[in-house]
Each structure stands twice: as structure tokens, then as C-alpha cells.
Amino acid sequence: MVEAIQSPAHATYWLVQGRLLFLIIYLLGTACFSYIVARRLQPLFRGERDFRLDQPFRRLGRVLQFWLGQWKHPRYRMAGTIHLLIFAGFLILATRAFSVLALGVSDGFVIPGLSGKAGHIYGIVADYASTVVLFCMVVAAIRRVAFKPARYAVPARYGKGHSADAIFLLALIAILMAADSLFEASQAAALWQQGQTAEFLPVLSLPWMLNKALLSTSLPMLQSLHLGAYLIHDLTFFFLLCYRPFGIQFHVETSLFSVFFAKLDRGKLKPVKWGIPDERLDQVKSFGVKTFEDFTWKHMLDFYSCADCGRCSDNCPSNAAGRPLSPRFLTIKARDYTFLHYPMFGSAKNGQPLVGSVYSEDEIWSCTTCGACEVECPLLVEYIDKIVDLRRGLVDEGNVPQSLQKPLKALESRGNPYGKMTKKRADWVSAGNFGQTCRVKVLNGESAGTLYFVDSITSYDDRIQAIGQATAKILRHVGEDFGILGAAEKDSGHEVRRFGEETLFRALRDHNTQAIRESGAQRIVTSDPHAFNALKHDYKDVPPVEHISQVIAREVKSGRIKFHPAENDKVYTYHDPCYLGRHNQIYDDPRNVLDAIPGLKRVEMRRSRDRSFCCGGGGLMLFYEAKEEERIGVKRVRMAAEAGANVIVTACPYCMVNLEDAIKVAGLEGKVTAIDLAELTDQQLVRERPAA
Amino acid sequence: MEILVCVKRVLDTSENEIELNREGTGIELDEAVYSINEPDNYAVEEALQIVARVGGKVTVVTVGGEDDEEVLRREMAMGAQQGVLLSDAAFNGSDAKGVATILKSFVQKGAYHLILTGVQADDGGAQVGGMLAAMLDYPFASLVNSIEVLPGKLKISREIEGGNREINEIELPCVLSIQTGINEPRYVGMRGIRAVASVPISTYGASELQIDPGTVGKLAAKVKRLDYFVPTLGKGAEMLDGGREDNVERVTELIAAKGGLR
């Protein structure tokens with residue numbers, strides 16, 4: 001059979017035989033790519049240790065779910081769908097790209113297993129895949145240029161926009177798809193013109209359309225197109241390969257690893273240093289992240305993997321309130337730092353402190369650790385651990401905002417951030433007539449099966465004590481034998497730790513752990529999600545802990561808790577506290593409790609469950625004077641009003657403080673009120689009538 | 001520059017609910033929490049910042065007993081290279097002049113270019129700094145809220161009534177009392193304090209300082225505290241019960257009337 005058209009391997013390009021030319025291109029391209037990746041990996045070897053090889057099967061499962069399954073992408077329907085199609089297209093076309101490249105050096109190369117029928121079917125799928133990818137490139141470009149989704153915008157303080165780079169990458173991929181299709185279509189057209197059977201081109205695929213357009217093109221022209229398309233395909237392929245590590249497209253290579261090595265246990269913070277036992281922590285010279293190389297290698301990998309999709313910042317409450325923090329740029333700025341300080345040629349320039357140059361102090365203190373960014377990130381990039389590590393570095397340098405120094409000092413001397421007397425910690429149990437209606441044991445001499453861990457704000461804050469009292473009444477109603485630690489309790493240290501004061505946190509934790517164990521309690525209940533999270537994830541060797549909403553939900557089911565009907569002029573909405581919802585996945589229990597109240601009308605806010613919008617932050621965040629345009633809490637109460645609710649139910653003392661303040665600031669007093677789930681439960685509770 | 005900062009351990013007023021003891025001669029000290037006198041903390045921070053700019057060494061000194069080592073350690077954790085405790089049974093009950101006498105003897109043992117004190121102690125009368133300067137025959141400036149080091153002298157600004165500033169030149173060696181707000185003192189955590197826990201603190205008594213015990217202590221004190229009382233609560237705050245707009249207007253008026261708005 002006479003060849004209808006000359007193949008690239010046999011053709012001559014500017015006096016050079018195709019086979020030789022392509023071999024050179026491949027060798028050069030591969031060498032370049034290897035060199036670039038090796039340079040990019042350089043900082044990772046200088047980073048801190050990070051143990052990420054435990055539970056390999058669970059990790060593989062997450063690769064299947066989040067990488068192969070693109071689990072988080074549909075959370076943004078349009079962008080998610082486009083990405084899903086491109087991702088699927090790339091997976092399908094990887095094989096085809098390899099076999100097309102191979103044709104440059106080996107004529108008629110066929111991947112084993114893809115000859116015959118399988119090859120035909122694969123060819124059809126691949127033709128459609130490249131068509132879909134090209135189509136997606138066009139849609140994505142139109143979105144970037146015409147619709148400009150707000151989350152892609154780059155605020156002036158973070159530099160120039162990223163759209164030009166994005167469009168350039170889209171164009172490169174589009175060229176790749178078009179060149180591949182043209183290569184195939186020109187050959188098919190030539191064969192057809194000579195009456196030979198060509199490879200079947202599926203209807204409406206890109207090669208099919210090009211083929212139709214080329215049917216009457218002259219043979220020499222088809223020959224030029226065939227060879228030219230091939231050359232362009234190969235050059236684009238290697239250019240793209242080597243260009244990707246210079247921008248967001250690097251995630252094509254790194255995402256698989258990022259997802260595999262991603263953090264498994266949410267709610268748990270990374271230790272100060274991996275592999276250093278507690279007792280040797282005092283010998284560690286420096287705490288936290290001060291210079292870039294203090295990040296762990298995995299956190300550096302995160303910087304490369306970020307695809308700049310902006311979903312983190314789109315969901316970040318601090319960013320929404322105009323605080324100087326955007327998780328997206330936390331990553332982008334660090335990535336730019338590596339590009340600048342670990343250049344392709346020459347030696348690395350490292351060692352400069354990050355805060356003060358790359359990051360500002362306010363940026364690092366602005367995070368409420370609500371976790372919205374992490375829940376949203378399709379690539380499972382970690383933010384809270386990095387923020388906490390940066391704060392540890394600041395604390396270690398003595399760089400703590402004045403507004404936080406007083407409460408931290410008070411936590412050290414008094415065990416609570418307010419500087420209130422230790423002996424007054426249990427005063428709330430005898431306040432007003434509560435003492436007569438509900439006796440609360442102090443587990444100092446007395447014993448009980450259940451410990452109610454109250455924590456500082458509920459013990460001392462006049463308003464929040466009501467939540468403590470409601471909790472105690474509920475526990476009593478369901479017949480729980482419980483008590484509190486009283487003066488022996490200190491702050492759980494949840495925020496102390498998240499604000500980077502690890503040593504103080506450890507002192508508080510060790511004190512509480514001993515007090516809890518000495519109390520002899522078998523289980524712990526708390527009404528504070530922050531204490532709940534601390535006891536569950538930060539403490540070791542303490543009895544199992546439950547949040548009061550879990551207890552109420554269970555007792556509603558058991559029938560021990562029954563409710564009076566709700567007032568019917570009220571519309572309720574439930575605000576998910578971050579440390580109950582996102583960090584501990586307790587979304588349904590509080591809602592089930594509300595729905596068990598007869599006649600209660602409940603609506604959901606625009607942002608709820610794992611997309612809940614933080615109230616503004618708890619613990620030490622109440623003391624921090626953030627630079628912001630509008631309070632985070634004000635945004636939240638507006639969302640409740642938009643949803644048509646006039647009662648916001650929450651299950652966290654800090655949410656209560658922030659929301660009640662925000663209602664006043666937003667001018668919604670008298671229109672919207674806030675109530676804790678425990679307070680509402682206590683208020684609606686049907687109490688057995690005393691026997692006549 | 002060799003800098004000496006005189007510090008004091010005081011009852012932490014922000015963390016104590018001050019109540020009189022039963023005799024009415026002092027404060028109920030059960031569960032009391034102590035801390036570094038706040039203005040002294042600013043003085044130490046300023047000394048550290050000066051040394052960071054022009055080099056030198058910062059020494060912190062206090063007059064007191066073993067318990068007072070706590071504040072020396074805290075300031076050493078901030079970065080002061082040396083802590084000195086001046087302690088002797090003969091020092092007990094000293095009035096401000098007695099304390100200044102003790103400090104003077106210590107200063108004369110060394111060669112300090114600059115001596116800083118806090119503007120005043122929470123439980124004191126802003127006397128020691130001035131007296132110390134007079135005893136040493138050094139120039140003195142109070143209420144200092146910025147320091148610039150020039151050759152052989154300092155350019156300082158002082159806070160004067162109404163928040164205005166006055167700029168002075170002062171020759172070294174000198175004594176300055178530091179106003180809060182001159183800087184933002186760095187944070188000292190437990191970790192920092194633990195790191196200096198085993199650094200020795202030099203202790204000097206009356207004989208090492210060549211102090212005549214008759215010039216200090218309770219017997220030499222010419223100022224004695226007779227009584228201590230907590231003012232009775234006055235009339236409570238004025239409650240505004242109008243609407244939101246009215247209240248805002250009324251508050252604005254009230255603040256303006258008191259000179260708070262211009």
C-alpha cells in the first residue's frame with residue numbers, strides 16, 4: 001500500500017529528518033521538565049518534617065474521592081462541571097498524547113492493547129474528549145473575559161490580575177487539542193481523496209468537523225497541514241509541560257500528591273514539630289514558622305498545588321468582612337516567594353522572616369480558624385495549620401498584639417482571659433434564684449458520673465451564664481448525675497493554642513487533664529463547641545466528650561425530652577458554630593432538636609452546614625481588634641434576616657456574644673433575636689407536673 | 001550603651017478585685033496576682049529597642065525579696081541580659097527616698113549611661129526616678145515618650161498636659177521616667193520565662209552596696225502610710241432611655257460638653 005501522506009517520522013523538516021527532530025525535541029523537553037521540577041522540589045527538602053504516610057489505604061481512598069472523583073468540584077456548579085470535563089478529558093487523552101508523541105519517532109506506533117477494536121473505540125472516545133476539552137477552553141475563556149466571576153478578581157494590594165496568564169494557558173491547551181485533531185483530520189482527508197479507508201472519525205467531533213472542511217483541500221496542502229500540525233502539537237506539548245511549573249497549572253502534576261498526603265484528621269492541629277515528644281519540646285530552639293523553610297514540605301507542596309480558583313477566599317468570613325486576609329493570597333504569595341527565592345538558576349536566597357515582608361501581622365491574626373477555606377478547597381490545601389504555625393512564630397518572637405497580651409497574661413495567672421478570680425469560677429451556680437431551683441455539684445469531694453466542662457466564658461460572662469444554667473437544668477431534667485470542676489477548672493486553652501501560645505496551652509491542658517481525671521467522671525458534656533473540640537482533639541487521656549446538642553438530640557429520641565409548641569409568629573434559623581459543624585460534623589443533631597419542637601418554623605440561611613459563615617470568632621478573637629470594614633457577625637445576622645428568620649438559634653457561647661452584638665450593630669434589634677439551643681430547649685421543655 | 005532599668009513588682013490592678021482587708025490598713029491579698037509594674041515594662045522594651053539600634057546591654061534591677069525575682073525573670077525573658085535583686089532585711093519598709101538611696105548605691109557600682117524607670121508605679125508616687133537622679137547628680141526627664149540617641153546625648157520628647165509633646169536634648173548619663181505608649185512591649189510567654197529560669201540573678205545586700213542601714217528601711221522612712229480606703233461608689237451612670245437616634249445625639253452632646261469632641 002502506497003502511503004497516502006508522509007508521516008512525521010519519515011518527513012523532512014528543514015533538511016532534518018522528522019524522526020531525529022522529534023527525538024531531539026523529546027529529549028530536550030523531558031530534560032527541561034526534569035530540571036525544572038527538580039528545582040521546584042528543592043525547597044521541599046529544606047522544609048520541616050511532616051509525617052504523611054500513615055493510613056495509606058485511607059489516603060488512597062481519598063485520592064479516589066477527591067482527585068479522581070473530583071468530589072468538591074460540583075460545589076461550584078458551573079466551574080466545577082467545566083473542570084470535571086477537562087479533568088476527564090485529560091485523563092482520557094493522556095494515553096493518546098503518549099501514542100501521538102511516539103509516532104514522531106516510531107511510525108505507526110500503537111500502544112499495546114489499543115490495536116484493533118479497542119483502539120477504534122478508544123479513538124472515538126479520545127476524539128470526543130479533545131472536542132469537549134477544546135469547547136471547555138472556549139467556555140472558560142469567555143467566563144474569564146466576559147462574565148468575570150468575582151472570586152477571580154485580584155484586589156489591588158495583591159498585585160496584577162491573573163486573567164492574562166489564565167487565558168494564555170487555556171489557549172495553549174486549545175492549541176494542543178486543535179493541532180492533534182488537525183493532524184488526524186488531514187490524514188483522513190488525504191486517505192479519503194485517494195479512495196483509501198481512513199480511521200473512522202466520530203460525528204460532530206473536532207477531527208470530524210476539520211475533516212469535512214478539508215475534503216476538497218489539495219493533497220500537498222494536506223501534507224503540509226499534517227506535518228505542521230504534528231510539529232505544533234509536539235512543541236506545544238513540551239512548552240506546556242515546562243511552563244506549568246511556573247504557574248497555577250503545576251497542579252496538574254502536584255495535585256495527586258497533595259491529595260494523597262492531605263491531612264486526615266480535621267479539628268486536630270499539627271504539633272509544633274513533627275517527631276518531637278512533648279517532654280522534649282522545651283529544648284526546641286524556635287517555635288512555629290518564621291522563615292519560609294519553617295513550613296513543612298507538605299505545606300510547601302500546597303503552595304504549588306493551589307489552582308488559584310478563589311473558592312477559599314470566596315468563603316472566608318475574614319475576607320468578606322474586609323480584614324486583610326485572603327487564604328488564596330496566603331498561598332499565592334508564598335508560591336511567588338518560592339519562585340523568587342528558589343530561582344531556576346543560581347542558589348536559593350532564603351532566611352528572611354515572612355511576617356513583615358510577605359505577610360503582615362494583621363493578616364496572620366485575622367483568621368478565625370473557622371475552616372471554611374479548607375472545606376471548600378478541591379485540592380485539600382491546609383490553611384489553619386499554617387496560620388497557627390505562623391502565629392507560633394510570632395508568639396515566639398514576642399510579636400503579639402497588645403490587645404491579646406492582657407488576656408494571655410490573665411490566662412497564665414488566673415486560668416481565664418478576663419483576669420477574674422479563680423474562686424469565683426463557680427459563682428454562676430448560685431447566682432440569683434438558680435441556686436435554689438437547680439443544685440449543681442462541684443466535684444471537689446463530691447463525685448458524679450458526668451462532668452459538665454463549663455469553660456471560662458460560660459463561667460464568668462453575665463449573659464453566657466444563662467447558657468450554663470440552661471445546660472445544667474437540661475442535664476438535671478434527663479436525670480444525669482453530673483457536676484462541675486468549679487475553681488479546679490481552667491480555660492480549655494482551645495484558642496490559646498490556635499493563637500500560637502503552645503506552651504501556655506500545654507500548661508492549661510495538663511492542669512485540666514489532671515483535674516478531670518481526679519474528678520472520677522466517666523464522661524464529659526460541654527455546652528461550648530470550642531471546649532468540645534479541645535477536649536476531643538487537643539487533649540489526651542480524658543473521658544469521652546459530648547456537646548450538649550448531642551445529649552438533647554438523644555433524649556428527644558428517647559422521649560425524655562418533650563417540648564411545648566413553639567410560638568407561631570416566629571421563624572427560626574440555625575447558625576452552625578464552626579467548631580460544632582465544620583470541625584466536628586455535628587449538623588443534624590441541633591436541627592433535629594429544633595424540628596422536634598411542635599409547630600416550629602425553621603428556615604435555612606444562604607450559607608449553612610459546612611458552608612456556614614463564622615460569627616466572627618471565639619475565645620481570644622473576642623479581644624482582638626481586627627481591621628475590618630464590617631463586622632463578620634453583622635454579615636451573618638443579615639443573612640438570617642434575608643432568610644426571613646427572626647430568631648437565630650446557635651449552640652456556642654461565642655456565637656451568642658458575636659450575634660447579639662451584631663444584631664445591635666446591624667440595627668436589627670427588636671426584629672431579630674439570638675438564643676442558644678440549650679436555652680431554647682430549657683424554655684420549651686415540658687416538665688413533669690409534681691405528683692398531686 | 002549600658003542601660004539600667006529599675007523595675008517593680010506590683011499587684012496587678014487589671015486582674016485583682018481590690019478589696020480592703022479587715023483592718024482597713026491595706027488590700028486583701030488572698031489570691032492576689034502580681035505582675036511587673038506596667039510602665040516599667042515599657043521602659044525595658046525601650047531599653048531593648050535602643051540596644052538593638054546602637055548596641056550595648058540592658059540590666060534590670062529591683063529592690064525587694066525572693067518573690068520579686070519573678071518580674072526580673074519576665075524582663076530577662078524579654079531580652080534583658082542581666083537581672084539584679086537588691087535585697088536585705090534592712091531595706092524593708094523603705095519609703096521612696098530609701099529606695100532611691102539603695103538604687104543610687106547600686107548605680108555607683110557600675111557604669112551606666114542611661115537609667116530608665118517607669119513613669120510611676122501602680123502603688124507608688126512617681127518619686128524614685130527624680131530622687132535617684134538628684135542623688136546621682138544626673139539630669140532627669142519625666143514622662144518621656146520617645147528617645148533618639150545622639151552622640152553623648154539624647155533627643156527625647158515628653159508628654160505634657162493635653163497630649164502635647166515637648167522636645168528636649170538631655171546629656172548622658174541621665175535618668176528618664178518612661179511614659180506608657182512609648183512603644184509596644186513584646187509578649188513574654190511561659191516558654192520565654194522557662195528559657196531563662198536557670199540564668200543566675202545577682203543579689204546584693206546592704207553591706208555589698210556599702211549602705212548605712214540607718215539611712216534606709218522602716219526607721220529611716222519619713223513618709224508613713226496611715227490609712228487606705230476605697231472611694232465609695234458615686235451616683236451610677238446616667239442612663240439614656242430615648243430612642244436610638246435621640247440617644248446618639250444626647251451622647252454626642254455630653255461628650256462635646258466635656259471637651260471630648262472638637
# chains A, B, ... in the order shown; residues from 1 in each chain; ligands from 1
>>> residues_around(residues="Ile167 in chain B", least_positions_apart="2", cutoff="7 Å", atoms="only C-alpha atoms", output="PDB file with C-alpha atoms, in the first residue's frame")
ATOM      1  CA  ILE B 156      13.702  62.986  73.816  1.00  0.00           C
ATOM      2  CA  SER B 157      10.123  64.024  73.743  1.00  0.00           C
ATOM      3  CA  ARG B 158       7.991  64.408  76.822  1.00  0.00           C
ATOM      4  CA  ARG B 165       4.785  66.990  73.229  1.00  0.00           C
TER       5      ARG B 165
END
>>> closest_atom_pairs(of="chain B", to="chain A", cutoff="10 Å", atoms="only C-alpha atoms", output="tab-separated table")
residue	atom	partner	partner_atom	distance
B:Asp12	CA	A:Gly419	CA	9.5
B:Thr13	CA	A:Gly419	CA	9.7
B:Ser14	CA	A:Gly419	CA	7.0
B:Glu15	CA	A:Gly419	CA	4.4
B:Asn16	CA	A:Lys420	CA	7.2
B:Glu17	CA	A:Met421	CA	7.8
B:Glu31	CA	A:Met421	CA	7.5
B:Ala32	CA	A:Met421	CA	8.7
B:Val33	CA	A:Ser413	CA	6.9
B:Tyr34	CA	A:Ser413	CA	8.7
B:Ser35	CA	A:Lys409	CA	9.3
B:Ala77	CA	A:Gly398	CA	9.6
B:Met78	CA	A:Gly398	CA	7.7
B:Glu184	CA	A:Gln402	CA	7.0
B:Pro185	CA	A:Gln402	CA	7.8
B:Arg186	CA	A:Gly398	CA	4.7
B:Tyr187	CA	A:Gly398	CA	4.1
B:Val188	CA	A:Gly398	CA	5.8
B:Gly189	CA	A:Leu504	CA	7.2
B:Met190	CA	A:Leu504	CA	6.1
B:Arg191	CA	A:Thr503	CA	5.9
B:Gly192	CA	A:Asp396	CA	7.8
B:Arg194	CA	A:Asp282	CA	8.2
B:Ala195	CA	A:Asp282	CA	8.0
B:Arg244	CA	A:Gly667	CA	9.3
>>> write_last_selection(atoms="C-alpha atoms", output="JSON list (two decimals), in the first residue's frame")
[["chain", "number", "residue", "atom", "x", "y", "z"],
["B", 12, "ASP", "CA", -1.88, 43.51, 89.02],
["B", 13, "THR", "CA", -4.69, 46.03, 89.09],
["B", 14, "SER", "CA", -6.30, 44.66, 85.96],
["B", 15, "GLU", "CA", -6.59, 41.21, 87.43],
["B", 16, "ASN", "CA", -7.44, 41.86, 91.04],
["B", 17, "GLU", "CA", -10.68, 42.88, 92.51],
["B", 31, "GLU", "CA", -5.35, 35.04, 95.78],
["B", 32, "ALA", "CA", -3.69, 38.28, 94.74],
["B", 33, "VAL", "CA", -1.90, 38.27, 91.42],
["B", 34, "TYR", "CA", 1.27, 40.27, 90.92],
["B", 35, "SER", "CA", 2.94, 41.46, 87.79],
["B", 77, "ALA", "CA", 12.75, 36.69, 79.04],
["B", 78, "MET", "CA", 12.00, 39.86, 77.08],
["B", 184, "GLU", "CA", 4.50, 48.29, 72.16],
["B", 185, "PRO", "CA", 6.16, 45.94, 74.63],
["B", 186, "ARG", "CA", 6.82, 42.49, 73.27],
["B", 187, "TYR", "CA", 4.95, 39.47, 74.56],
["B", 188, "VAL", "CA", 6.57, 37.18, 77.07],
["B", 189, "GLY", "CA", 5.13, 33.72, 77.25],
["B", 190, "MET", "CA", 5.78, 30.83, 79.60],
["B", 191, "ARG", "CA", 8.27, 29.43, 77.15],
["B", 192, "GLY", "CA", 10.42, 32.55, 77.32],
["B", 194, "ARG", "CA", 11.29, 28.89, 81.25],
["B", 195, "ALA", "CA", 14.21, 29.57, 78.96],
["B", 244, "ARG", "CA", -31.62, 55.19, 69.18]]
>>> residues_around(residues="Gln127 in chain B", least_positions_apart="4", cutoff="8 Å", atoms="only C-alpha atoms", output="list in words")
Ala96, Lys97, Gln120 and Met131 of chain B
>>> atom_distance(atom1="CA of Gly617 in chain A", atom2="CA of Arg498 in chain A")
11.4 Å
>>> atom_distance(atom1="CA of Arg59 in chain A", atom2="CA of Phe260 in chain A")
5.3 Å
>>> residues_around(residues="Ala334 in chain A", least_positions_apart="4", cutoff="10 Å", atoms="only C-alpha atoms", output="list in words")
Phe292, Met300, Asp302, Phe303, Tyr304, Phe329, Leu330, Thr338, Phe339, Leu340, Leu354, Val358 and Tyr359 of chain A
>>> closest_residue(among="B:Val144, B:Ile182, B:Val230, B:Ala90", to="Asn41 in chain B", atoms="only C-alpha atoms")
B:Ile182
>>> closest_residue(among="A:Val110, A:Ile5, A:Val105, A:Ala174", to="Ser186 in chain A", atoms="only C-alpha atoms")
A:Ile5
>>> residues_around(residues="Tyr654 in chain A", least_positions_apart="6", cutoff="10 Å", atoms="only C-alpha atoms", output="PyMOL selection string")
chain A and resi 457-458+464+528-530+577+615-619+621-622+660
>>> residues_around(residues="range 210-225 of chain A", least_positions_apart="2", cutoff="9 Å", atoms="only C-alpha atoms", output="list in words")
Ala4, Ile5, Gln6, Ser7, Ser181, Leu182, Phe183, Glu184, Ala185, Ser186, Gln187, Ala188, Ala189, Ala190, Trp192, Gln193, Leu201, Ser205, Leu206, Pro207, Trp208, Leu227, Gly228, Ala229 and Tyr230 of chain A
>>> write_last_selection(atoms="C-alpha atoms", output="compact mmCIF listing (two decimals), in the first residue's frame")
# COMPACT_ATOMS: atom_id res chain seq x y z
CA ALA A 4 -1.36 8.46 1.11
CA ILE A 5 0.55 11.03 3.06
CA GLN A 6 4.00 11.14 4.55
CA SER A 7 4.25 10.53 8.30
CA SER A 181 -7.33 16.98 15.67
CA LEU A 182 -5.90 18.65 12.59
CA PHE A 183 -3.14 16.07 12.47
CA GLU A 184 -5.74 13.33 12.43
CA ALA A 185 -8.23 15.07 10.14
CA SER A 186 -5.68 15.98 7.45
CA GLN A 187 -4.55 12.40 7.24
CA ALA A 188 -8.14 11.17 6.99
CA ALA A 189 -8.92 13.70 4.28
CA ALA A 190 -5.87 12.63 2.25
CA TRP A 192 -10.35 9.74 1.53
CA GLN A 193 -9.21 11.73 -1.51
CA LEU A 201 -14.00 9.99 12.75
CA SER A 205 -16.08 15.57 16.93
CA LEU A 206 -13.40 18.12 16.19
CA PRO A 207 -11.44 15.85 13.81
CA TRP A 208 -14.72 15.06 12.04
CA LEU A 227 3.22 17.72 9.29
CA GLY A 228 2.77 21.27 10.57
CA ALA A 229 0.02 20.25 13.00
CA TYR A 230 2.22 17.50 14.30
>>> residues_around(residues="Val556 in chain A", least_positions_apart="6", cutoff="8 Å", atoms="only C-alpha atoms", output="PyMOL selection string")
chain A and resi 562+593+596
>>> closest_residue(among="A:Arg77, A:Lys72, A:Arg509, A:Lys570", to="Asp541 in chain A", atoms="only C-alpha atoms")
A:Arg509
